[in-house]
Each structure stands twice: as structure tokens, then as C-alpha cells.
Amino acid sequence: GRACVGEAATRAALRAHAAEADVLHLACHAQFRQDNPRFSMLHLQDGALSADEAETLPLGPGTVVLSACETGVAELGRGDEMVGLVRAFLVAGAARVVASQWPVDDAATEGFMAAFYGALVRGRSAAAALRDAQVATRATHRHPAFWAAFTLWGGW
């Protein structure tokens, strides 16, 4: 694995290493743009990565985890297509995307993600790992705001 943290968490590093990742985890700030969901963005060290830009990433058919607030929020576009960050990563080639539906608590999300990745390492599918993380987080944080924000899109 490769970790790009702090100053190294740049758009260029993401573009350079995205294709080789089976699991791409982005823990950053995010912004959903209701006025134009294609401009929704992840805030990396050197600037924003818009949904439009995310669509052009060279992703393989792995898992993308968007560990930030409201990364799963989308607007209905023309036709019946939902437009936002999740769609952008699926268009880029990801098989599945884990993203949040509302603002998430940093400390609870840290524990949630530890449980999620622990389950993946034990061989659980992404869907089962997500459920395991929800159950584990619910044991210490009863309110659904802490354990129900993350959803899986794409292949299970």
C-alpha cells in the first residue's frame, strides 16, 4: 500500500497512484455543490478535486472509500442519472464506492473505518465489512448519525 498524508496528499499524487490501488481511501474535507453537483469536490492538499476531474482518474475496478462529509449526496441530473462524487468515481472505473450521506463526526468515523478495514482484511466483502463497521460503531455510538452515514454503491 501507499499512503499520501499531509503535504503528499495532492491531486497529482492521486492521479499518479490511483490506477494501482485496489482500495483508494480519501480522508479529507468535501463539499457538495447543489447548484451544480459536477462541481462537488474533495479538498486535497493542493486544491479541490471536482466530480468532473474525478471522472477522469485512471481507476481500476476496486473500492473507493470517501471518508468525508456528504460525499454520497447527489442531485438528479438529466434523465434519471444521479450526479455527484459517487457517480464520478464509478464513471472513472471503480467497482464500488463507500461514501457518506451527511456530515460525519471525525472520531466516530475513525473507529468506523478501522472496523471496516479490519473486516475487509478478514476477507469480508465490502457490503459485509460495511455492516460489521455499522454494528461495531453502534455499540459505542447509539445514534444513527454516527453509524449509518456510510453507504455502498456499485458491486457488493
# chains A, B, ... in the order shown; residues from 1 in each chain; ligands from 1

$ residues_around --residues "stretch 151-155 of chain A" --least-positions-apart "2" --cutoff "8 Å" --atoms "only C-alpha atoms" --output "list in words"
Gly72, Val86, Leu90, Ala95, Arg96, Val97, Val98, Ala99, Ser100, Gln101, Ala126, Ala127, Leu130, Ala148 and Ala149 of chain A

$ write_last_selection --atoms "N, CA and C atoms" --output "PDB file, in the first residue's frame"
ATOM      1  N   GLY A  72     -21.643  11.205  -0.455  1.00  0.00           N
ATOM      2  CA  GLY A  72     -22.628  10.400  -1.155  1.00  0.00           C
ATOM      3  C   GLY A  72     -23.864  11.167  -1.576  1.00  0.00           C
ATOM      4  N   VAL A  86     -19.974  10.176  -6.014  1.00  0.00           N
ATOM      5  CA  VAL A  86     -20.060   8.711  -6.165  1.00  0.00           C
ATOM      6  C   VAL A  86     -20.113   8.350  -7.641  1.00  0.00           C
ATOM      7  N   LEU A  90     -17.445   6.060  -9.979  1.00  0.00           N
ATOM      8  CA  LEU A  90     -17.920   4.892 -10.725  1.00  0.00           C
ATOM      9  C   LEU A  90     -17.634   5.059 -12.217  1.00  0.00           C
ATOM     10  N   ALA A  95     -15.268  -0.159  -9.013  1.00  0.00           N
ATOM     11  CA  ALA A  95     -16.334  -1.156  -8.961  1.00  0.00           C
ATOM     12  C   ALA A  95     -17.355  -0.812  -7.887  1.00  0.00           C
ATOM     13  N   ARG A  96     -16.888  -0.158  -6.841  1.00  0.00           N
ATOM     14  CA  ARG A  96     -17.767   0.193  -5.733  1.00  0.00           C
ATOM     15  C   ARG A  96     -17.226   1.430  -5.030  1.00  0.00           C
ATOM     16  N   VAL A  97     -18.131   2.180  -4.419  1.00  0.00           N
ATOM     17  CA  VAL A  97     -17.767   3.398  -3.698  1.00  0.00           C
ATOM     18  C   VAL A  97     -18.498   3.396  -2.364  1.00  0.00           C
ATOM     19  N   VAL A  98     -17.770   3.680  -1.299  1.00  0.00           N
ATOM     20  CA  VAL A  98     -18.342   3.879   0.026  1.00  0.00           C
ATOM     21  C   VAL A  98     -18.287   5.381   0.292  1.00  0.00           C
ATOM     22  N   ALA A  99     -19.437   5.979   0.610  1.00  0.00           N
ATOM     23  CA  ALA A  99     -19.489   7.421   0.817  1.00  0.00           C
ATOM     24  C   ALA A  99     -20.564   7.750   1.847  1.00  0.00           C
ATOM     25  N   SER A 100     -20.494   8.968   2.386  1.00  0.00           N
ATOM     26  CA  SER A 100     -21.406   9.371   3.460  1.00  0.00           C
ATOM     27  C   SER A 100     -22.556  10.222   2.941  1.00  0.00           C
ATOM     28  N   GLN A 101     -23.689  10.086   3.605  1.00  0.00           N
ATOM     29  CA  GLN A 101     -24.894  10.822   3.225  1.00  0.00           C
ATOM     30  C   GLN A 101     -25.059  12.146   3.967  1.00  0.00           C
ATOM     31  N   ALA A 126     -17.157  -6.054   0.687  1.00  0.00           N
ATOM     32  CA  ALA A 126     -17.336  -4.651   1.055  1.00  0.00           C
ATOM     33  C   ALA A 126     -18.677  -4.437   1.758  1.00  0.00           C
ATOM     34  N   ALA A 127     -19.733  -5.074   1.278  1.00  0.00           N
ATOM     35  CA  ALA A 127     -21.054  -4.930   1.902  1.00  0.00           C
ATOM     36  C   ALA A 127     -21.054  -5.485   3.325  1.00  0.00           C
ATOM     37  N   LEU A 130     -18.993  -3.240   5.595  1.00  0.00           N
ATOM     38  CA  LEU A 130     -19.739  -2.035   5.952  1.00  0.00           C
ATOM     39  C   LEU A 130     -20.726  -2.338   7.076  1.00  0.00           C
ATOM     40  N   ALA A 148     -24.701   5.252  10.658  1.00  0.00           N
ATOM     41  CA  ALA A 148     -25.495   4.974   9.459  1.00  0.00           C
ATOM     42  C   ALA A 148     -25.187   5.879   8.272  1.00  0.00           C
ATOM     43  N   ALA A 149     -24.213   6.756   8.380  1.00  0.00           N
ATOM     44  CA  ALA A 149     -23.952   7.732   7.311  1.00  0.00           C
ATOM     45  C   ALA A 149     -23.393   7.100   6.049  1.00  0.00           C
TER      46      ALA A 149
END

$ residues_around --residues "A:Ala119" --least-positions-apart "3" --cutoff "8 Å" --atoms "only C-alpha atoms" --output "PDB file with C-alpha atoms, in the first residue's frame"
ATOM      1  CA  ALA A 115     -13.737  -1.636  11.844  1.00  0.00           C
ATOM      2  CA  PHE A 116     -14.482  -1.512   8.100  1.00  0.00           C
ATOM      3  CA  ARG A 122     -10.539 -10.739   7.407  1.00  0.00           C
ATOM      4  CA  GLY A 123     -11.911 -11.458   3.931  1.00  0.00           C
ATOM      5  CA  ARG A 124     -15.370  -9.951   4.261  1.00  0.00           C
ATOM      6  CA  ALA A 128     -20.401  -7.265   4.849  1.00  0.00           C
ATOM      7  CA  ALA A 129     -17.493  -5.106   6.044  1.00  0.00           C
ATOM      8  CA  ASP A 132     -19.701  -5.034  10.501  1.00  0.00           C
ATOM      9  CA  ALA A 133     -18.459  -1.455  10.877  1.00  0.00           C
TER      10      ALA A 133
END

$ closest_residue --among "A:Ala88, A:His25, A:Phe39, A:Leu44" --to "A:Ala114" --atoms "only C-alpha atoms"
A:His25

$ residues_around --residues "A:Val104" --least-positions-apart "4" --cutoff "12 Å" --atoms "only C-alpha atoms" --output "JSON list (two decimals) with all heavy atoms, in the first residue's frame"
[["chain", "number", "residue", "atom", "x", "y", "z"],
["A", 27, "ALA", "N", -9.49, 10.48, 2.83],
["A", 27, "ALA", "CA", -9.96, 11.08, 4.07],
["A", 27, "ALA", "C", -9.61, 12.56, 4.02],
["A", 27, "ALA", "O", -8.44, 12.93, 4.14],
["A", 27, "ALA", "CB", -9.31, 10.40, 5.28],
["A", 28, "CYS", "N", -10.61, 13.38, 3.78],
["A", 28, "CYS", "CA", -10.37, 14.81, 3.58],
["A", 28, "CYS", "C", -11.68, 15.55, 3.85],
["A", 28, "CYS", "O", -12.64, 14.96, 4.31],
["A", 28, "CYS", "CB", -9.87, 15.06, 2.17],
["A", 28, "CYS", "SG", -10.94, 14.39, 0.88],
["A", 29, "HIS", "N", -11.68, 16.81, 3.52],
["A", 29, "HIS", "CA", -12.94, 17.55, 3.57],
["A", 29, "HIS", "C", -13.59, 17.46, 2.19],
["A", 29, "HIS", "O", -12.90, 17.29, 1.19],
["A", 29, "HIS", "CB", -12.69, 19.02, 3.94],
["A", 29, "HIS", "CG", -12.23, 19.20, 5.34],
["A", 29, "HIS", "ND1", -13.06, 19.03, 6.42],
["A", 29, "HIS", "CD2", -11.02, 19.51, 5.84],
["A", 29, "HIS", "CE1", -12.38, 19.24, 7.53],
["A", 29, "HIS", "NE2", -11.14, 19.52, 7.21],
["A", 30, "ALA", "N", -14.90, 17.57, 2.18],
["A", 30, "ALA", "CA", -15.63, 17.51, 0.92],
["A", 30, "ALA", "C", -16.71, 18.59, 0.92],
["A", 30, "ALA", "O", -17.09, 19.11, 1.98],
["A", 30, "ALA", "CB", -16.27, 16.14, 0.73],
["A", 66, "LEU", "N", -14.72, 7.21, 0.35],
["A", 66, "LEU", "CA", -14.71, 8.66, 0.50],
["A", 66, "LEU", "C", -15.08, 8.97, 1.94],
["A", 66, "LEU", "O", -16.24, 9.10, 2.30],
["A", 66, "LEU", "CB", -15.69, 9.31, -0.48],
["A", 66, "LEU", "CG", -15.45, 8.98, -1.96],
["A", 66, "LEU", "CD1", -16.53, 9.60, -2.83],
["A", 66, "LEU", "CD2", -14.06, 9.44, -2.39],
["A", 67, "SER", "N", -14.06, 9.06, 2.78],
["A", 67, "SER", "CA", -14.25, 9.27, 4.21],
["A", 67, "SER", "C", -14.27, 10.77, 4.49],
["A", 67, "SER", "O", -13.30, 11.34, 4.99],
["A", 67, "SER", "CB", -13.12, 8.57, 4.98],
["A", 67, "SER", "OG", -13.31, 8.73, 6.37],
["A", 68, "ALA", "N", -15.37, 11.38, 4.13],
["A", 68, "ALA", "CA", -15.55, 12.81, 4.31],
["A", 68, "ALA", "C", -17.05, 13.10, 4.39],
["A", 68, "ALA", "O", -17.87, 12.23, 4.07],
["A", 68, "ALA", "CB", -14.92, 13.57, 3.13],
["A", 69, "CYS", "N", -17.40, 14.29, 4.75],
["A", 69, "CYS", "CA", -18.80, 14.66, 4.91],
["A", 69, "CYS", "C", -19.52, 14.76, 3.56],
["A", 69, "CYS", "O", -18.99, 15.32, 2.61],
["A", 69, "CYS", "CB", -18.90, 16.00, 5.62],
["A", 69, "CYS", "SG", -18.26, 15.98, 7.31],
["A", 70, "GLU", "N", -20.71, 14.21, 3.52],
["A", 70, "GLU", "CA", -21.66, 14.38, 2.41],
["A", 70, "GLU", "C", -21.12, 13.96, 1.05],
["A", 70, "GLU", "O", -21.54, 14.48, 0.02],
["A", 70, "GLU", "CB", -22.16, 15.82, 2.35],
["A", 70, "GLU", "CG", -22.89, 16.24, 3.61],
["A", 70, "GLU", "CD", -23.40, 17.66, 3.56],
["A", 70, "GLU", "OE1", -22.79, 18.50, 2.87],
["A", 70, "GLU", "OE2", -24.42, 17.92, 4.21],
["A", 71, "THR", "N", -20.21, 12.99, 1.00],
["A", 71, "THR", "CA", -19.64, 12.56, -0.27],
["A", 71, "THR", "C", -20.61, 11.73, -1.08],
["A", 71, "THR", "O", -20.44, 11.57, -2.29],
["A", 71, "THR", "CB", -18.34, 11.77, -0.06],
["A", 71, "THR", "OG1", -18.58, 10.73, 0.90],
["A", 71, "THR", "CG2", -17.22, 12.68, 0.43],
["A", 72, "GLY", "N", -21.64, 11.21, -0.46],
["A", 72, "GLY", "CA", -22.63, 10.40, -1.15],
["A", 72, "GLY", "C", -23.86, 11.17, -1.58],
["A", 72, "GLY", "O", -24.77, 10.61, -2.19],
["A", 99, "ALA", "N", -19.44, 5.98, 0.61],
["A", 99, "ALA", "CA", -19.49, 7.42, 0.82],
["A", 99, "ALA", "C", -20.56, 7.75, 1.85],
["A", 99, "ALA", "O", -21.44, 6.94, 2.13],
["A", 99, "ALA", "CB", -19.78, 8.12, -0.51],
["A", 100, "SER", "N", -20.49, 8.97, 2.39],
["A", 100, "SER", "CA", -21.41, 9.37, 3.46],
["A", 100, "SER", "C", -22.56, 10.22, 2.94],
["A", 100, "SER", "O", -22.41, 10.99, 1.99],
["A", 100, "SER", "CB", -20.64, 10.16, 4.53],
["A", 100, "SER", "OG", -20.18, 11.38, 3.99],
["A", 108, "ALA", "N", -15.74, 9.34, 15.55],
["A", 108, "ALA", "CA", -16.57, 8.15, 15.28],
["A", 108, "ALA", "C", -16.21, 7.54, 13.93],
["A", 108, "ALA", "O", -16.16, 6.31, 13.78],
["A", 108, "ALA", "CB", -18.04, 8.51, 15.33],
["A", 109, "THR", "N", -15.91, 8.39, 12.94],
["A", 109, "THR", "CA", -15.55, 7.89, 11.61],
["A", 109, "THR", "C", -14.22, 7.16, 11.65],
["A", 109, "THR", "O", -14.04, 6.15, 10.95],
["A", 109, "THR", "CB", -15.52, 9.04, 10.59],
["A", 109, "THR", "OG1", -16.84, 9.60, 10.52],
["A", 109, "THR", "CG2", -15.10, 8.57, 9.22],
["A", 110, "GLU", "N", -13.30, 7.62, 12.46],
["A", 110, "GLU", "CA", -12.01, 6.92, 12.59],
["A", 110, "GLU", "C", -12.23, 5.49, 13.08],
["A", 110, "GLU", "O", -11.68, 4.54, 12.51],
["A", 110, "GLU", "CB", -11.09, 7.68, 13.55],
["A", 110, "GLU", "CG", -9.74, 7.04, 13.72],
["A", 110, "GLU", "CD", -8.84, 7.80, 14.68],
["A", 110, "GLU", "OE1", -9.18, 8.92, 15.09],
["A", 110, "GLU", "OE2", -7.77, 7.25, 15.01],
["A", 111, "GLY", "N", -13.04, 5.32, 14.10],
["A", 111, "GLY", "CA", -13.35, 3.98, 14.60],
["A", 111, "GLY", "C", -14.14, 3.16, 13.59],
["A", 111, "GLY", "O", -13.91, 1.96, 13.42],
["A", 112, "PHE", "N", -15.07, 3.81, 12.91],
["A", 112, "PHE", "CA", -15.87, 3.15, 11.88],
["A", 112, "PHE", "C", -14.97, 2.60, 10.78],
["A", 112, "PHE", "O", -15.08, 1.44, 10.38],
["A", 112, "PHE", "CB", -16.87, 4.16, 11.28],
["A", 112, "PHE", "CG", -17.80, 3.56, 10.27],
["A", 112, "PHE", "CD1", -19.05, 3.12, 10.64],
["A", 112, "PHE", "CD2", -17.42, 3.43, 8.94],
["A", 112, "PHE", "CE1", -19.92, 2.57, 9.72],
["A", 112, "PHE", "CE2", -18.28, 2.88, 8.00],
["A", 112, "PHE", "CZ", -19.54, 2.45, 8.40],
["A", 113, "MET", "N", -14.04, 3.41, 10.30],
["A", 113, "MET", "CA", -13.15, 2.98, 9.22],
["A", 113, "MET", "C", -12.20, 1.89, 9.69],
["A", 113, "MET", "O", -11.88, 0.97, 8.92],
["A", 113, "MET", "CB", -12.37, 4.17, 8.65],
["A", 113, "MET", "CG", -13.25, 5.12, 7.87],
["A", 113, "MET", "SD", -14.02, 4.29, 6.46],
["A", 113, "MET", "CE", -15.29, 5.44, 6.01],
["A", 143, "HIS", "N", -26.59, 6.64, 18.43],
["A", 143, "HIS", "CA", -27.36, 7.45, 17.49],
["A", 143, "HIS", "C", -26.95, 7.13, 16.06],
["A", 143, "HIS", "O", -25.77, 7.04, 15.74],
["A", 143, "HIS", "CB", -27.15, 8.94, 17.77],
["A", 143, "HIS", "CG", -28.18, 9.80, 17.12],
["A", 143, "HIS", "ND1", -28.13, 10.11, 15.78],
["A", 143, "HIS", "CD2", -29.30, 10.38, 17.60],
["A", 143, "HIS", "CE1", -29.16, 10.86, 15.46],
["A", 143, "HIS", "NE2", -29.89, 11.05, 16.55],
["A", 144, "PRO", "N", -27.93, 6.95, 15.16],
["A", 144, "PRO", "CA", -27.62, 6.62, 13.76],
["A", 144, "PRO", "C", -26.74, 7.64, 13.05],
["A", 144, "PRO", "O", -26.08, 7.30, 12.07],
["A", 144, "PRO", "CB", -29.00, 6.55, 13.09],
["A", 144, "PRO", "CG", -29.96, 6.31, 14.20],
["A", 144, "PRO", "CD", -29.38, 6.95, 15.42],
["A", 145, "ALA", "N", -26.70, 8.86, 13.52],
["A", 145, "ALA", "CA", -25.83, 9.87, 12.89],
["A", 145, "ALA", "C", -24.38, 9.40, 12.88],
["A", 145, "ALA", "O", -23.62, 9.78, 11.98],
["A", 145, "ALA", "CB", -25.95, 11.20, 13.63],
["A", 146, "PHE", "N", -23.99, 8.56, 13.83],
["A", 146, "PHE", "CA", -22.61, 8.10, 13.95],
["A", 146, "PHE", "C", -22.33, 6.82, 13.16],
["A", 146, "PHE", "O", -21.21, 6.61, 12.73],
["A", 146, "PHE", "CB", -22.25, 7.85, 15.42],
["A", 146, "PHE", "CG", -22.27, 9.10, 16.24],
["A", 146, "PHE", "CD1", -23.33, 9.37, 17.09],
["A", 146, "PHE", "CD2", -21.24, 10.02, 16.16],
["A", 146, "PHE", "CE1", -23.35, 10.51, 17.85],
["A", 146, "PHE", "CE2", -21.26, 11.18, 16.91],
["A", 146, "PHE", "CZ", -22.32, 11.43, 17.76],
["A", 147, "TRP", "N", -23.31, 5.97, 12.98],
["A", 147, "TRP", "CA", -23.04, 4.65, 12.37],
["A", 147, "TRP", "C", -23.75, 4.40, 11.04],
["A", 147, "TRP", "O", -23.42, 3.46, 10.33],
["A", 147, "TRP", "CB", -23.36, 3.51, 13.33],
["A", 147, "TRP", "CG", -24.78, 3.48, 13.84],
["A", 147, "TRP", "CD1", -25.24, 4.01, 15.02],
["A", 147, "TRP", "CD2", -25.91, 2.89, 13.20],
["A", 147, "TRP", "NE1", -26.59, 3.79, 15.13],
["A", 147, "TRP", "CE2", -27.03, 3.09, 14.02],
["A", 147, "TRP", "CE3", -26.08, 2.19, 12.01],
["A", 147, "TRP", "CZ2", -28.29, 2.65, 13.71],
["A", 147, "TRP", "CZ3", -27.36, 1.74, 11.67],
["A", 147, "TRP", "CH2", -28.44, 1.98, 12.54],
["A", 148, "ALA", "N", -24.70, 5.25, 10.66],
["A", 148, "ALA", "CA", -25.50, 4.97, 9.46],
["A", 148, "ALA", "C", -25.19, 5.88, 8.27],
["A", 148, "ALA", "O", -25.83, 5.76, 7.24],
["A", 148, "ALA", "CB", -26.98, 5.07, 9.80],
["A", 149, "ALA", "N", -24.21, 6.76, 8.38],
["A", 149, "ALA", "CA", -23.95, 7.73, 7.31],
["A", 149, "ALA", "C", -23.39, 7.10, 6.05],
["A", 149, "ALA", "O", -23.69, 7.54, 4.94],
["A", 149, "ALA", "CB", -22.99, 8.80, 7.81],
["A", 150, "PHE", "N", -22.58, 6.04, 6.19],
["A", 150, "PHE", "CA", -21.89, 5.50, 5.04],
["A", 150, "PHE", "C", -22.72, 4.44, 4.32],
["A", 150, "PHE", "O", -23.36, 3.60, 4.94],
["A", 150, "PHE", "CB", -20.53, 4.92, 5.45],
["A", 150, "PHE", "CG", -19.56, 6.00, 5.82],
["A", 150, "PHE", "CD1", -19.39, 6.38, 7.13],
["A", 150, "PHE", "CD2", -18.85, 6.67, 4.83],
["A", 150, "PHE", "CE1", -18.52, 7.40, 7.47],
["A", 150, "PHE", "CE2", -17.97, 7.68, 5.16],
["A", 150, "PHE", "CZ", -17.80, 8.05, 6.48]]

$ closest_residue --among "A:Ala107, A:Leu76, A:Leu120, A:Leu14" --to "A:Thr140" --atoms "only C-alpha atoms"
A:Ala107

$ closest_residue --among "A:Asp105, A:Thr10, A:Val83, A:Tyr117" --to "A:Ser40" --atoms "only C-alpha atoms"
A:Val83

$ atom_distance --atom1 "atom CA of A:Val135" --atom2 "atom CA of A:Arg2"
28.4 Å

$ closest_residue --among "A:Val73, A:Asp46, A:Glu81, A:Leu57" --to "A:His17" --atoms "only C-alpha atoms"
A:Leu57

$ residues_around --residues "A:Gln45" --least-positions-apart "3" --cutoff "10 Å" --atoms "only C-alpha atoms" --output "count of residues only"
10

$ closest_residue --among "A:Gly118, A:Thr56, A:Ala51, A:Trp102" --to "A:Arg87" --atoms "only C-alpha atoms"
A:Ala51

$ closest_residue --among "A:Ala19, A:Ala136, A:Leu24, A:Leu59" --to "A:Ala3" --atoms "only C-alpha atoms"
A:Leu24

$ residues_around --residues "A:Pro37" --least-positions-apart "2" --cutoff "7 Å" --atoms "only C-alpha atoms" --output "PyMOL selection string"
chain A and resi 32-35+39-40+74-75+83-84

$ atom_distance --atom1 "atom CA of A:Val121" --atom2 "atom CA of A:Gln134"
16.3 Å

$ residues_around --residues "A:Ala94" --least-positions-apart "3" --cutoff "8 Å" --atoms "only C-alpha atoms" --output "NGL selection string"
:A and (59-64 or 89-91 or 97)

$ write_last_selection --atoms "N, CA, C and O atoms" --output "PDB file, in the first residue's frame"
ATOM      1  N   LEU A  59      -8.841   4.775 -12.755  1.00  0.00           N
ATOM      2  CA  LEU A  59      -9.125   3.806 -11.701  1.00  0.00           C
ATOM      3  C   LEU A  59      -9.314   2.406 -12.255  1.00  0.00           C
ATOM      4  O   LEU A  59      -9.903   2.225 -13.317  1.00  0.00           O
ATOM      5  N   GLY A  60      -8.850   1.428 -11.486  1.00  0.00           N
ATOM      6  CA  GLY A  60      -9.159   0.042 -11.771  1.00  0.00           C
ATOM      7  C   GLY A  60     -10.456  -0.322 -11.073  1.00  0.00           C
ATOM      8  O   GLY A  60     -11.045   0.491 -10.363  1.00  0.00           O
ATOM      9  N   PRO A  61     -10.911  -1.563 -11.239  1.00  0.00           N
ATOM     10  CA  PRO A  61     -12.198  -1.978 -10.674  1.00  0.00           C
ATOM     11  C   PRO A  61     -12.109  -2.343  -9.194  1.00  0.00           C
ATOM     12  O   PRO A  61     -12.461  -3.435  -8.786  1.00  0.00           O
ATOM     13  N   GLY A  62     -11.636  -1.423  -8.382  1.00  0.00           N
ATOM     14  CA  GLY A  62     -11.501  -1.660  -6.958  1.00  0.00           C
ATOM     15  C   GLY A  62     -12.545  -0.894  -6.165  1.00  0.00           C
ATOM     16  O   GLY A  62     -13.603  -0.528  -6.667  1.00  0.00           O
ATOM     17  N   THR A  63     -12.207  -0.645  -4.909  1.00  0.00           N
ATOM     18  CA  THR A  63     -13.088   0.046  -3.977  1.00  0.00           C
ATOM     19  C   THR A  63     -12.550   1.438  -3.695  1.00  0.00           C
ATOM     20  O   THR A  63     -11.374   1.597  -3.390  1.00  0.00           O
ATOM     21  N   VAL A  64     -13.414   2.440  -3.769  1.00  0.00           N
ATOM     22  CA  VAL A  64     -13.073   3.805  -3.381  1.00  0.00           C
ATOM     23  C   VAL A  64     -13.849   4.118  -2.113  1.00  0.00           C
ATOM     24  O   VAL A  64     -15.066   3.909  -2.064  1.00  0.00           O
ATOM     25  N   PHE A  89     -16.690   8.660  -9.411  1.00  0.00           N
ATOM     26  CA  PHE A  89     -15.720   7.594  -9.190  1.00  0.00           C
ATOM     27  C   PHE A  89     -16.148   6.296  -9.877  1.00  0.00           C
ATOM     28  O   PHE A  89     -15.300   5.527 -10.338  1.00  0.00           O
ATOM     29  N   LEU A  90     -17.445   6.060  -9.979  1.00  0.00           N
ATOM     30  CA  LEU A  90     -17.920   4.892 -10.725  1.00  0.00           C
ATOM     31  C   LEU A  90     -17.634   5.059 -12.217  1.00  0.00           C
ATOM     32  O   LEU A  90     -17.198   4.116 -12.880  1.00  0.00           O
ATOM     33  N   VAL A  91     -17.845   6.245 -12.749  1.00  0.00           N
ATOM     34  CA  VAL A  91     -17.534   6.517 -14.153  1.00  0.00           C
ATOM     35  C   VAL A  91     -16.039   6.336 -14.415  1.00  0.00           C
ATOM     36  O   VAL A  91     -15.633   5.832 -15.461  1.00  0.00           O
ATOM     37  N   VAL A  97     -18.131   2.180  -4.419  1.00  0.00           N
ATOM     38  CA  VAL A  97     -17.767   3.398  -3.698  1.00  0.00           C
ATOM     39  C   VAL A  97     -18.498   3.396  -2.364  1.00  0.00           C
ATOM     40  O   VAL A  97     -19.704   3.141  -2.308  1.00  0.00           O
TER      41      VAL A  97
END

$ select_by_dssp --residues "stretch 13-58 of chain A" --states "alpha helix (DSSP H)" --output "PyMOL selection string"
chain A and resi 13-17+51-54

$ write_last_selection --atoms "N, CA, C and O atoms" --output "mmCIF file, in the first residue's frame"
data_model
loop_
_atom_site.group_PDB
_atom_site.id
_atom_site.type_symbol
_atom_site.label_atom_id
_atom_site.label_comp_id
_atom_site.auth_asym_id
_atom_site.auth_seq_id
_atom_site.Cartn_x
_atom_site.Cartn_y
_atom_site.Cartn_z
ATOM 1 N N ALA A 13 -0.547 13.341 -6.899
ATOM 2 C CA ALA A 13 -0.261 12.028 -6.306
ATOM 3 C C ALA A 13 -1.441 11.085 -6.513
ATOM 4 O O ALA A 13 -1.259 9.902 -6.814
ATOM 5 N N LEU A 14 -2.647 11.598 -6.361
ATOM 6 C CA LEU A 14 -3.840 10.777 -6.588
ATOM 7 C C LEU A 14 -3.858 10.274 -8.024
ATOM 8 O O LEU A 14 -4.046 9.088 -8.275
ATOM 9 N N ARG A 15 -3.637 11.158 -8.954
ATOM 10 C CA ARG A 15 -3.640 10.768 -10.367
ATOM 11 C C ARG A 15 -2.511 9.777 -10.661
ATOM 12 O O ARG A 15 -2.699 8.815 -11.409
ATOM 13 N N ALA A 16 -1.357 9.957 -10.049
ATOM 14 C CA ALA A 16 -0.201 9.090 -10.305
ATOM 15 C C ALA A 16 -0.391 7.680 -9.755
ATOM 16 O O ALA A 16 0.099 6.711 -10.333
ATOM 17 N N HIS A 17 -1.102 7.541 -8.637
ATOM 18 C CA HIS A 17 -1.174 6.253 -7.954
ATOM 19 C C HIS A 17 -2.546 5.591 -7.979
ATOM 20 O O HIS A 17 -2.695 4.451 -7.543
ATOM 21 N N ALA A 51 -15.909 16.672 -9.062
ATOM 22 C CA ALA A 51 -16.503 15.445 -9.600
ATOM 23 C C ALA A 51 -16.137 15.297 -11.070
ATOM 24 O O ALA A 51 -15.836 14.191 -11.532
ATOM 25 N N ASP A 52 -16.120 16.389 -11.807
ATOM 26 C CA ASP A 52 -15.712 16.341 -13.214
ATOM 27 C C ASP A 52 -14.300 15.779 -13.356
ATOM 28 O O ASP A 52 -14.040 14.945 -14.209
ATOM 29 N N GLU A 53 -13.375 16.239 -12.514
ATOM 30 C CA GLU A 53 -12.000 15.750 -12.569
ATOM 31 C C GLU A 53 -11.901 14.304 -12.109
ATOM 32 O O GLU A 53 -11.130 13.522 -12.664
ATOM 33 N N ALA A 54 -12.677 13.951 -11.094
ATOM 34 C CA ALA A 54 -12.644 12.578 -10.578
ATOM 35 C C ALA A 54 -13.035 11.578 -11.659
ATOM 36 O O ALA A 54 -12.499 10.467 -11.704
#

$ select_by_dssp --residues "chain A" --states "strand (DSSP E)" --output "number ranges by chain"
A: 23-27, 29-31, 41-44, 47-50, 63-67, 74-76, 82-84, 96-100, 150-154
